[in-house]
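Novice: The structure file my_file-v4.txt (compact mmCIF, C-alpha atoms and all ligand atoms) is provided below.
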# COMPACT_ATOMS: atom_id res chain seq x y z
CA MET A 15 214.06 212.16 135.11
CA GLU A 16 212.96 215.74 134.53
CA TRP A 17 212.15 216.07 138.25
CA ALA A 18 215.54 214.62 139.24
CA ILE A 19 217.51 217.08 137.12
CA SER A 20 215.27 219.93 138.33
CA LEU A 21 215.92 218.98 141.97
CA LEU A 22 219.66 218.71 141.34
CA LEU A 23 219.72 222.15 139.70
CA ASN A 24 218.20 223.55 142.89
CA HIS A 25 220.64 221.52 145.02
CA PRO A 26 224.04 221.96 143.36
CA GLU A 27 225.76 220.32 146.34
CA ALA A 28 223.88 217.09 145.62
CA MET A 29 224.73 217.35 141.90
CA HIS A 30 228.39 217.79 142.83
CA LYS A 31 228.31 214.86 145.24
CA ALA A 32 226.78 212.61 142.56
CA TRP A 33 229.38 213.71 140.01
CA THR A 34 232.22 213.11 142.51
CA GLU A 35 230.91 209.60 143.13
CA ILE A 36 230.64 208.86 139.39
CA THR A 37 234.14 210.20 138.77
CA ALA A 38 235.55 208.05 141.59
CA GLU A 39 233.71 204.85 140.63
CA VAL A 40 233.56 205.11 136.83
CA GLY A 41 236.11 207.75 135.83
CA GLN A 42 236.14 209.78 132.63
CA ASP A 43 237.63 207.26 130.22
CA LYS A 44 234.39 205.39 129.58
CA PHE A 45 230.68 206.06 129.71
CA LEU A 46 228.84 204.80 132.75
CA ASP A 47 227.03 201.54 132.03
CA GLU A 48 224.66 199.12 133.74
CA THR A 49 227.46 197.30 135.60
CA ASP A 50 228.43 200.55 137.37
CA LEU A 51 225.00 201.19 138.86
CA PRO A 52 225.35 199.01 142.01
CA LYS A 53 228.47 201.03 142.97
CA LEU A 54 226.69 204.38 142.67
CA ASN A 55 224.93 204.51 146.02
CA TYR A 56 224.40 208.25 146.10
CA LEU A 57 222.91 208.22 142.60
CA GLN A 58 220.51 205.49 143.79
CA SER A 59 219.61 207.68 146.78
CA ILE A 60 218.86 210.60 144.47
CA ILE A 61 216.53 208.41 142.43
CA SER A 62 214.72 207.15 145.56
CA GLU A 63 214.38 210.68 146.92
CA THR A 64 213.08 212.01 143.59
CA MET A 65 210.52 209.19 143.36
CA ARG A 66 209.54 209.86 146.98
CA LEU A 67 208.80 213.55 146.38
CA PHE A 68 207.49 213.20 142.82
CA PRO A 69 206.19 209.66 142.29
CA PRO A 70 205.59 209.13 138.55
CA ALA A 71 202.19 207.56 139.35
CA PRO A 72 201.03 209.47 142.46
CA LEU A 73 197.85 207.38 142.87
CA LEU A 74 199.41 204.12 141.58
CA LEU A 75 196.86 202.19 139.48
CA PRO A 76 193.23 201.66 140.54
CA HIS A 77 192.61 198.43 142.48
CA GLU A 78 189.36 196.64 143.28
CA SER A 79 188.68 194.82 146.54
CA SER A 80 188.02 191.13 145.84
CA GLU A 81 186.09 190.67 149.11
CA ASP A 82 184.67 192.70 152.02
CA CYS A 83 187.47 193.90 154.28
CA VAL A 84 188.38 196.50 156.91
CA VAL A 85 191.34 198.81 156.30
CA CYS A 86 192.46 201.07 159.17
CA GLY A 87 188.98 200.87 160.67
CA TYR A 88 187.17 201.66 157.40
CA SER A 89 184.96 198.94 156.03
CA VAL A 90 185.51 198.38 152.33
CA PRO A 91 182.80 196.36 150.55
CA GLN A 92 183.72 193.86 147.85
CA GLY A 93 184.05 195.46 144.41
CA THR A 94 185.09 198.93 145.66
CA MET A 95 187.54 200.80 143.47
CA LEU A 96 190.53 201.82 145.58
CA PHE A 97 193.31 204.31 144.99
CA VAL A 98 196.50 204.44 147.08
CA ASN A 99 197.73 207.99 147.50
CA ALA A 100 201.48 207.34 147.31
CA TRP A 101 202.18 211.07 146.98
CA THR A 102 200.67 211.78 150.41
CA ILE A 103 202.22 208.73 152.11
CA GLN A 104 205.65 209.66 150.78
CA ARG A 105 205.36 213.21 152.13
CA ASP A 106 203.73 212.31 155.46
CA PRO A 107 205.64 214.06 158.28
CA LYS A 108 204.64 211.22 160.62
CA LEU A 109 206.66 208.83 158.44
CA TRP A 110 209.47 211.04 157.15
CA GLU A 111 211.82 213.45 158.84
CA GLU A 112 211.68 216.88 157.13
CA ALA A 113 209.21 215.28 154.77
CA THR A 114 209.10 217.91 152.04
CA ARG A 115 212.87 218.51 151.93
CA PHE A 116 215.04 217.00 149.17
CA MET A 117 217.52 214.98 151.20
CA PRO A 118 218.96 211.95 149.30
CA GLU A 119 221.18 211.29 152.34
CA ARG A 120 218.13 209.86 154.14
CA PHE A 121 218.53 206.72 151.99
CA GLU A 122 222.27 206.33 152.47
CA GLY A 123 222.05 203.91 155.38
CA GLY A 124 220.02 201.58 153.18
CA GLU A 125 217.21 201.12 155.70
CA GLU A 126 214.96 204.14 155.03
CA GLY A 127 211.93 203.45 152.84
CA GLY A 128 211.21 199.96 154.14
CA GLY A 129 207.67 198.67 154.64
CA CYS A 130 205.02 200.54 152.72
CA LYS A 131 206.16 204.12 153.16
CA LEU A 132 208.07 204.35 149.84
CA LEU A 133 205.99 202.86 147.06
CA PRO A 134 206.57 204.52 143.68
CA PHE A 135 206.20 201.06 142.09
CA GLY A 136 203.38 199.89 144.37
CA VAL A 137 203.76 196.90 146.69
CA GLY A 138 202.53 193.33 146.90
CA ARG A 139 201.22 191.02 144.21
CA ARG A 140 200.20 193.78 141.81
CA ALA A 141 203.36 195.87 142.23
CA CYS A 142 205.15 196.97 139.08
CA PRO A 143 206.92 194.02 137.43
CA GLY A 144 209.15 196.49 135.55
CA ALA A 145 210.51 198.15 138.73
CA ASN A 146 214.08 196.86 138.33
CA LEU A 147 214.19 197.74 134.65
CA GLY A 148 212.63 201.14 135.36
CA ARG A 149 215.17 201.98 138.07
CA LYS A 150 218.05 200.84 135.87
CA VAL A 151 216.97 202.97 132.91
CA VAL A 152 216.47 206.02 135.14
CA GLY A 153 219.89 205.42 136.77
CA LEU A 154 221.62 205.09 133.40
CA VAL A 155 220.04 208.25 132.00
CA ILE A 156 220.51 210.48 135.06
CA GLY A 157 224.00 209.10 135.74
CA SER A 158 225.07 209.63 132.12
CA LEU A 159 223.72 213.18 132.07
CA ILE A 160 225.64 214.00 135.25
CA GLN A 161 228.82 212.25 134.10
CA SER A 162 228.93 213.95 130.70
CA PHE A 163 227.59 217.45 131.28
CA GLU A 164 227.80 220.40 133.65
CA TRP A 165 224.31 221.62 134.43
CA ASN A 166 223.21 225.12 135.36
CA ARG A 167 220.02 227.05 135.86
CA ILE A 168 219.22 229.66 133.21
CA GLY A 169 219.34 232.48 135.77
CA GLU A 170 219.57 233.22 139.48
CA GLU A 171 216.04 232.01 140.14
CA GLU A 172 215.42 228.49 141.41
CA THR A 173 214.01 225.99 138.93
CA ASP A 174 210.21 226.00 139.05
CA MET A 175 209.06 222.90 140.97
CA ARG A 176 205.30 223.36 140.64
CA GLU A 177 203.33 220.27 139.71
CA GLY A 178 200.92 220.25 136.80
CA THR A 179 197.72 218.23 136.66
CA GLY A 180 197.55 214.71 135.34
CA LEU A 181 197.77 211.10 136.42
CA THR A 182 201.51 210.91 135.88
CA MET A 183 202.82 213.95 137.77
CA PRO A 184 203.97 216.32 135.01
CA LYS A 185 205.84 219.53 135.81
CA ALA A 186 203.67 222.65 135.50
CA GLU A 187 206.41 224.18 133.37
CA PRO A 188 208.82 222.01 131.37
CA LEU A 189 212.42 222.13 132.57
CA VAL A 190 214.70 224.58 130.77
CA ALA A 191 218.40 224.39 131.74
CA LEU A 192 221.90 225.11 130.49
CA TYR A 193 224.36 222.30 129.96
CA SER A 194 227.83 221.96 128.49
CA PRO A 195 230.19 218.97 128.12
CA ARG A 196 232.47 218.42 131.11
CA PRO A 197 236.07 219.20 130.03
CA GLY A 198 237.24 215.67 130.94
CA MET A 199 234.48 214.12 128.80
CA VAL A 200 234.90 216.12 125.58
CA ASN A 201 237.11 213.53 123.86
CA LEU A 202 234.83 210.65 124.77
CA LEU A 203 231.72 212.58 123.70
CA SER A 204 233.31 213.41 120.35
CA THR A 205 233.50 209.68 119.58
CA ILE A 206 229.71 209.30 119.58
C1 LIG B 301 210.28 204.37 136.46
C2 LIG B 301 209.54 203.48 135.82
C3 LIG B 301 208.24 202.90 136.32
C4 LIG B 301 207.40 203.30 137.32
C5 LIG B 301 207.57 204.49 138.27
C6 LIG B 301 206.30 202.37 137.37
C7 LIG B 301 205.25 202.43 138.28
C8 LIG B 301 204.21 201.52 138.32
C9 LIG B 301 203.14 201.57 139.28
C10 LIG B 301 202.96 202.62 140.37
C11 LIG B 301 202.31 200.53 139.02
C12 LIG B 301 201.01 200.19 139.78
C13 LIG B 301 201.32 199.38 141.03
C14 LIG B 301 200.13 199.30 141.97
O1 LIG B 301 199.06 199.83 141.66
O2 LIG B 301 200.24 198.69 143.04
C15 LIG B 301 202.85 199.82 137.90
C16 LIG B 301 202.28 198.69 137.35
C17 LIG B 301 202.77 198.05 136.25
N1 LIG B 301 203.94 198.33 135.59
FE1 LIG B 301 205.25 199.82 136.02
N2 LIG B 301 206.49 201.43 136.40
C18 LIG B 301 207.66 201.70 135.74
C19 LIG B 301 208.22 200.97 134.72
C20 LIG B 301 207.66 199.83 134.15
C21 LIG B 301 208.29 199.05 133.10
C22 LIG B 301 209.67 199.34 132.52
C23 LIG B 301 207.41 198.05 132.81
C24 LIG B 301 207.52 196.93 131.82
C25 LIG B 301 208.62 196.62 131.17
C26 LIG B 301 206.25 198.20 133.67
C27 LIG B 301 205.14 197.38 133.65
C28 LIG B 301 204.08 197.45 134.54
C29 LIG B 301 202.93 196.54 134.53
C30 LIG B 301 202.67 195.40 133.53
C31 LIG B 301 202.11 196.91 135.60
C32 LIG B 301 200.76 196.27 136.03
C33 LIG B 301 201.05 195.20 137.07
C34 LIG B 301 199.76 194.51 137.59
O3 LIG B 301 198.70 195.12 137.54
O4 LIG B 301 199.85 193.38 138.06
N3 LIG B 301 206.44 199.29 134.47
N4 LIG B 301 204.02 200.42 137.49
Reformat the file's structure so that it appears as structure tokens.
Ligand code: HEM
Specialist:
Amino acid sequence: MEWAISLLLNHPEAMHKAWTEITAEVGQDKFLDETDLPKLNYLQSIISETMRLFPPAPLLLPHESSEDCVVCGYSVPQGTMLFVNAWTIQRDPKLWEEATRFMPERFEGGEEGGGCKLLPFGVGRRACPGANLGRKVVGLVIGSLIQSFEWNRIGEEETDMREGTGLTMPKAEPLVALYSPRPGMVNLLSTI
């Protein structure tokens, strides 16, 4: 979620497009809820694009081969511990056009990301069983933050997008941003 807001701060046109979509589909008389999410295609694209560039688990979870096998010409003996480098796959220029660019529009047709090239939740039998719940929670939080608040960087400089070290892709520097209630949402926010 921190990466998504950071990316949107550096791409105000995408933030504006997401807000326009939320205003059109949800309005300003009620808070966005779970039933709105399927209508918010651009918001879904932002989430996919954020998870493509900054997968929360860049190496997924360790797996162990249950029998001898050959993967892409490499022989893998039974019992080998295997890591899948989702971060590299999801930034591979052979698989993605302008691979390192934040471009949620790439998901708008609904076909991009098929097969095994987008795998923030893993794939197959041991894929994340909480993927739907995870995506919903992220959509609700990011969508609500965009619906309710105007977001700005703290200065002229772009938000720092450097990655820290760790198994779950932290930012090198925590996000610091300015936000204020959107004028059309003040009344609703004051009821909380
Ligand atoms: C944005 C949120 C989430 C992300 C990005 C995420 C990502 C992942 C990834 C990458 C794996 C490993 C898949 C693999 O190695 O092939 C995984 C496994 C798993 N996740 Fe999630 N997850 C999320 C939310 C959740 C939630 C909400 C739950 C439970 C309610 C959950 C439960 C699990 C479990 C139990 C596994 C192990 C599955 C197995 O080994 O069979 N996850 N998740």
Novice: For ligand LIG 301 (chain B), which of A:Arg140, A:Arg105, A:Lys53, A:Lys31 is the closest residue, counting all atoms listed in the file?
Specialist: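 Closest residue, counting all atoms listed in the file: A:Arg140.
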Novice: Pull the neighbourhood of (212.9, 204.3, 134.2) for me: all residues within 12 Å in file coordinates, counting all atoms listed in the file, as an mmCIF file with C-alpha atoms, in the frame of the given file.
Specialist:
data_model
loop_
_atom_site.group_PDB
_atom_site.id
_atom_site.type_symbol
_atom_site.label_atom_id
_atom_site.label_comp_id
_atom_site.auth_asym_id
_atom_site.auth_seq_id
_atom_site.Cartn_x
_atom_site.Cartn_y
_atom_site.Cartn_z
ATOM 1 C CA MET A 15 214.060 212.160 135.110
ATOM 2 C CA GLU A 16 212.960 215.740 134.530
ATOM 3 C CA ALA A 18 215.540 214.620 139.240
ATOM 4 C CA ILE A 61 216.530 208.410 142.430
ATOM 5 C CA SER A 62 214.720 207.150 145.560
ATOM 6 C CA MET A 65 210.520 209.190 143.360
ATOM 7 C CA PRO A 69 206.190 209.660 142.290
ATOM 8 C CA PRO A 70 205.590 209.130 138.550
ATOM 9 C CA PRO A 134 206.570 204.520 143.680
ATOM 10 C CA PHE A 135 206.200 201.060 142.090
ATOM 11 C CA CYS A 142 205.150 196.970 139.080
ATOM 12 C CA GLY A 144 209.150 196.490 135.550
ATOM 13 C CA ALA A 145 210.510 198.150 138.730
ATOM 14 C CA ASN A 146 214.080 196.860 138.330
ATOM 15 C CA LEU A 147 214.190 197.740 134.650
ATOM 16 C CA GLY A 148 212.630 201.140 135.360
ATOM 17 C CA ARG A 149 215.170 201.980 138.070
ATOM 18 C CA LYS A 150 218.050 200.840 135.870
ATOM 19 C CA VAL A 151 216.970 202.970 132.910
ATOM 20 C CA VAL A 152 216.470 206.020 135.140
ATOM 21 C CA GLY A 153 219.890 205.420 136.770
ATOM 22 C CA LEU A 154 221.620 205.090 133.400
ATOM 23 C CA VAL A 155 220.040 208.250 132.000
ATOM 24 C CA ILE A 156 220.510 210.480 135.060
#
Novice: Please check which residues have atoms at most 8 Å from (230.1, 215.1, 125.6) in the file's coordinates, counting all atoms listed in the file, and write them as a ChimeraX atom specification.
Specialist: /A:162-163,194-196,199-204
Novice: Looking at A:Glu112, A:Glu78, A:Glu187, A:Glu164, which one is nearest to Val90 in chain A, with distances taken over all atoms listed in the file?
Specialist: A:Glu78
Novice: Compile the contact shell of Ala113 in chain A as a PyMOL selection string: residues with an atom at most 12 Å away, counting all atoms listed in the file, same-chain residues fewer than 2 positions apart removed.
Specialist: chain A and resi 63+66-67+101-111+115-118+120+131
Novice: Calculate how many Å separate atom C28 of ligand LIG 301 (chain B) from CA of Ala141 in chain A, rounding to one decimal.
Specialist: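 Atom-to-atom, atom C28 of ligand LIG 301 (chain B) and CA of Ala141 in chain A are spaced 7.9 Å apart.
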Novice: Would you mind listing what lies within 8 Å of Thr173 in chain A as a list in words, with only C-alpha atoms counted and same-chain residues fewer than 5 positions away left out?
Specialist: Ser20, Leu21, Leu23, Asn24, Arg167 and Leu189 of chain A
Novice: Kindly give the distance, in Å, that separates CA of Met29 in chain A and CA of Ile160 in chain A, rounded to a single decimal.
Specialist: 7.5 Å
Novice: Measuring between only C-alpha atoms and all ligand atoms, which one of A:Met183, A:Cys83, A:Leu46, A:Ile19 shows the shortest distance to ligand LIG 301 (chain B)?
Specialist: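 Closest candidate: A:Met183.
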Novice: Pick from A:Leu192, A:Cys86, A:Leu22, A:Met95: nearest to Thr64 in chain A, with only C-alpha atoms counted?
Specialist: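 So, comparing all the options, the nearest one is A:Leu22.
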Novice: Suppose you want the space between CA of Asp50 in chain A and CA of Ala28 in chain A; what is it in Å?
Specialist: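 One can read the CA of Asp50 in chain A to CA of Ala28 in chain A distance as 19.0 Å.
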Novice: Assuming the input is short of atoms at range 125-146 of chain A, produce N, CA, C and O atoms for that part as an mmCIF file, in the frame of the given file.
Specialist:
data_model
loop_
_atom_site.group_PDB
_atom_site.id
_atom_site.type_symbol
_atom_site.label_atom_id
_atom_site.label_comp_id
_atom_site.auth_asym_id
_atom_site.auth_seq_id
_atom_site.Cartn_x
_atom_site.Cartn_y
_atom_site.Cartn_z
ATOM 1 N N GLU A 125 218.378 201.653 154.995
ATOM 2 C CA GLU A 125 217.210 201.120 155.700
ATOM 3 C C GLU A 125 215.945 201.941 155.448
ATOM 4 O O GLU A 125 214.837 201.426 155.479
ATOM 5 N N GLU A 126 216.117 203.259 155.202
ATOM 6 C CA GLU A 126 214.960 204.140 155.030
ATOM 7 C C GLU A 126 214.111 203.651 153.845
ATOM 8 O O GLU A 126 214.650 203.121 152.863
ATOM 9 N N GLY A 127 212.797 203.804 153.965
ATOM 10 C CA GLY A 127 211.930 203.450 152.840
ATOM 11 C C GLY A 127 211.392 202.039 152.912
ATOM 12 O O GLY A 127 210.700 201.590 152.012
ATOM 13 N N GLY A 128 211.718 201.319 153.995
ATOM 14 C CA GLY A 128 211.210 199.960 154.140
ATOM 15 C C GLY A 128 209.706 199.957 154.388
ATOM 16 O O GLY A 128 209.077 201.008 154.537
ATOM 17 N N GLY A 129 209.116 198.781 154.409
ATOM 18 C CA GLY A 129 207.670 198.670 154.640
ATOM 19 C C GLY A 129 206.921 199.275 153.476
ATOM 20 O O GLY A 129 207.308 199.128 152.326
ATOM 21 N N CYS A 130 205.852 199.995 153.793
ATOM 22 C CA CYS A 130 205.020 200.540 152.720
ATOM 23 C C CYS A 130 205.116 202.045 152.629
ATOM 24 O O CYS A 130 204.218 202.686 152.107
ATOM 25 N N LYS A 131 206.159 202.655 153.176
ATOM 26 C CA LYS A 131 206.160 204.120 153.160
ATOM 27 C C LYS A 131 206.786 204.709 151.890
ATOM 28 O O LYS A 131 206.583 205.862 151.590
ATOM 29 N N LEU A 132 207.565 203.911 151.145
ATOM 30 C CA LEU A 132 208.070 204.350 149.840
ATOM 31 C C LEU A 132 207.548 203.353 148.815
ATOM 32 O O LEU A 132 207.958 202.192 148.800
ATOM 33 N N LEU A 133 206.627 203.818 147.968
ATOM 34 C CA LEU A 133 205.990 202.860 147.060
ATOM 35 C C LEU A 133 205.738 203.422 145.668
ATOM 36 O O LEU A 133 204.628 203.341 145.146
ATOM 37 N N PRO A 134 206.779 203.985 145.030
ATOM 38 C CA PRO A 134 206.570 204.520 143.680
ATOM 39 C C PRO A 134 206.225 203.435 142.662
ATOM 40 O O PRO A 134 205.688 203.739 141.596
ATOM 41 N N PHE A 135 206.536 202.163 142.988
ATOM 42 C CA PHE A 135 206.200 201.060 142.090
ATOM 43 C C PHE A 135 205.057 200.213 142.674
ATOM 44 O O PHE A 135 204.806 199.106 142.199
ATOM 45 N N GLY A 136 204.386 200.697 143.700
ATOM 46 C CA GLY A 136 203.380 199.890 144.370
ATOM 47 C C GLY A 136 204.045 198.831 145.232
ATOM 48 O O GLY A 136 205.273 198.776 145.330
ATOM 49 N N VAL A 137 203.229 198.012 145.885
ATOM 50 C CA VAL A 137 203.760 196.900 146.690
ATOM 51 C C VAL A 137 202.841 195.694 146.518
ATOM 52 O O VAL A 137 201.709 195.817 146.068
ATOM 53 N N GLY A 138 203.374 194.533 146.890
ATOM 54 C CA GLY A 138 202.530 193.330 146.900
ATOM 55 C C GLY A 138 202.408 192.694 145.523
ATOM 56 O O GLY A 138 203.171 192.974 144.613
ATOM 57 N N ARG A 139 201.388 191.846 145.413
ATOM 58 C CA ARG A 139 201.220 191.020 144.210
ATOM 59 C C ARG A 139 201.068 191.822 142.928
ATOM 60 O O ARG A 139 201.424 191.387 141.854
ATOM 61 N N ARG A 140 200.441 192.990 143.021
ATOM 62 C CA ARG A 140 200.200 193.780 141.810
ATOM 63 C C ARG A 140 201.194 194.931 141.676
ATOM 64 O O ARG A 140 200.952 195.891 140.939
ATOM 65 N N ALA A 141 202.321 194.837 142.376
ATOM 66 C CA ALA A 141 203.360 195.870 142.230
ATOM 67 C C ALA A 141 203.924 195.817 140.817
ATOM 68 O O ALA A 141 203.724 194.835 140.084
ATOM 69 N N CYS A 142 204.632 196.864 140.439
ATOM 70 C CA CYS A 142 205.150 196.970 139.080
ATOM 71 C C CYS A 142 206.182 195.873 138.779
ATOM 72 O O CYS A 142 207.221 195.817 139.427
ATOM 73 N N PRO A 143 205.929 195.049 137.770
ATOM 74 C CA PRO A 143 206.920 194.020 137.430
ATOM 75 C C PRO A 143 208.128 194.609 136.698
ATOM 76 O O PRO A 143 209.138 193.931 136.546
ATOM 77 N N GLY A 144 208.031 195.872 136.276
ATOM 78 C CA GLY A 144 209.150 196.490 135.550
ATOM 79 C C GLY A 144 210.000 197.383 136.460
ATOM 80 O O GLY A 144 210.800 198.191 135.969
ATOM 81 N N ALA A 145 209.826 197.242 137.800
ATOM 82 C CA ALA A 145 210.510 198.150 138.730
ATOM 83 C C ALA A 145 212.033 198.128 138.548
ATOM 84 O O ALA A 145 212.670 199.178 138.454
ATOM 85 N N ASN A 146 212.619 196.930 138.470
ATOM 86 C CA ASN A 146 214.080 196.860 138.330
ATOM 87 C C ASN A 146 214.545 197.489 137.028
ATOM 88 O O ASN A 146 215.503 198.256 136.999
#
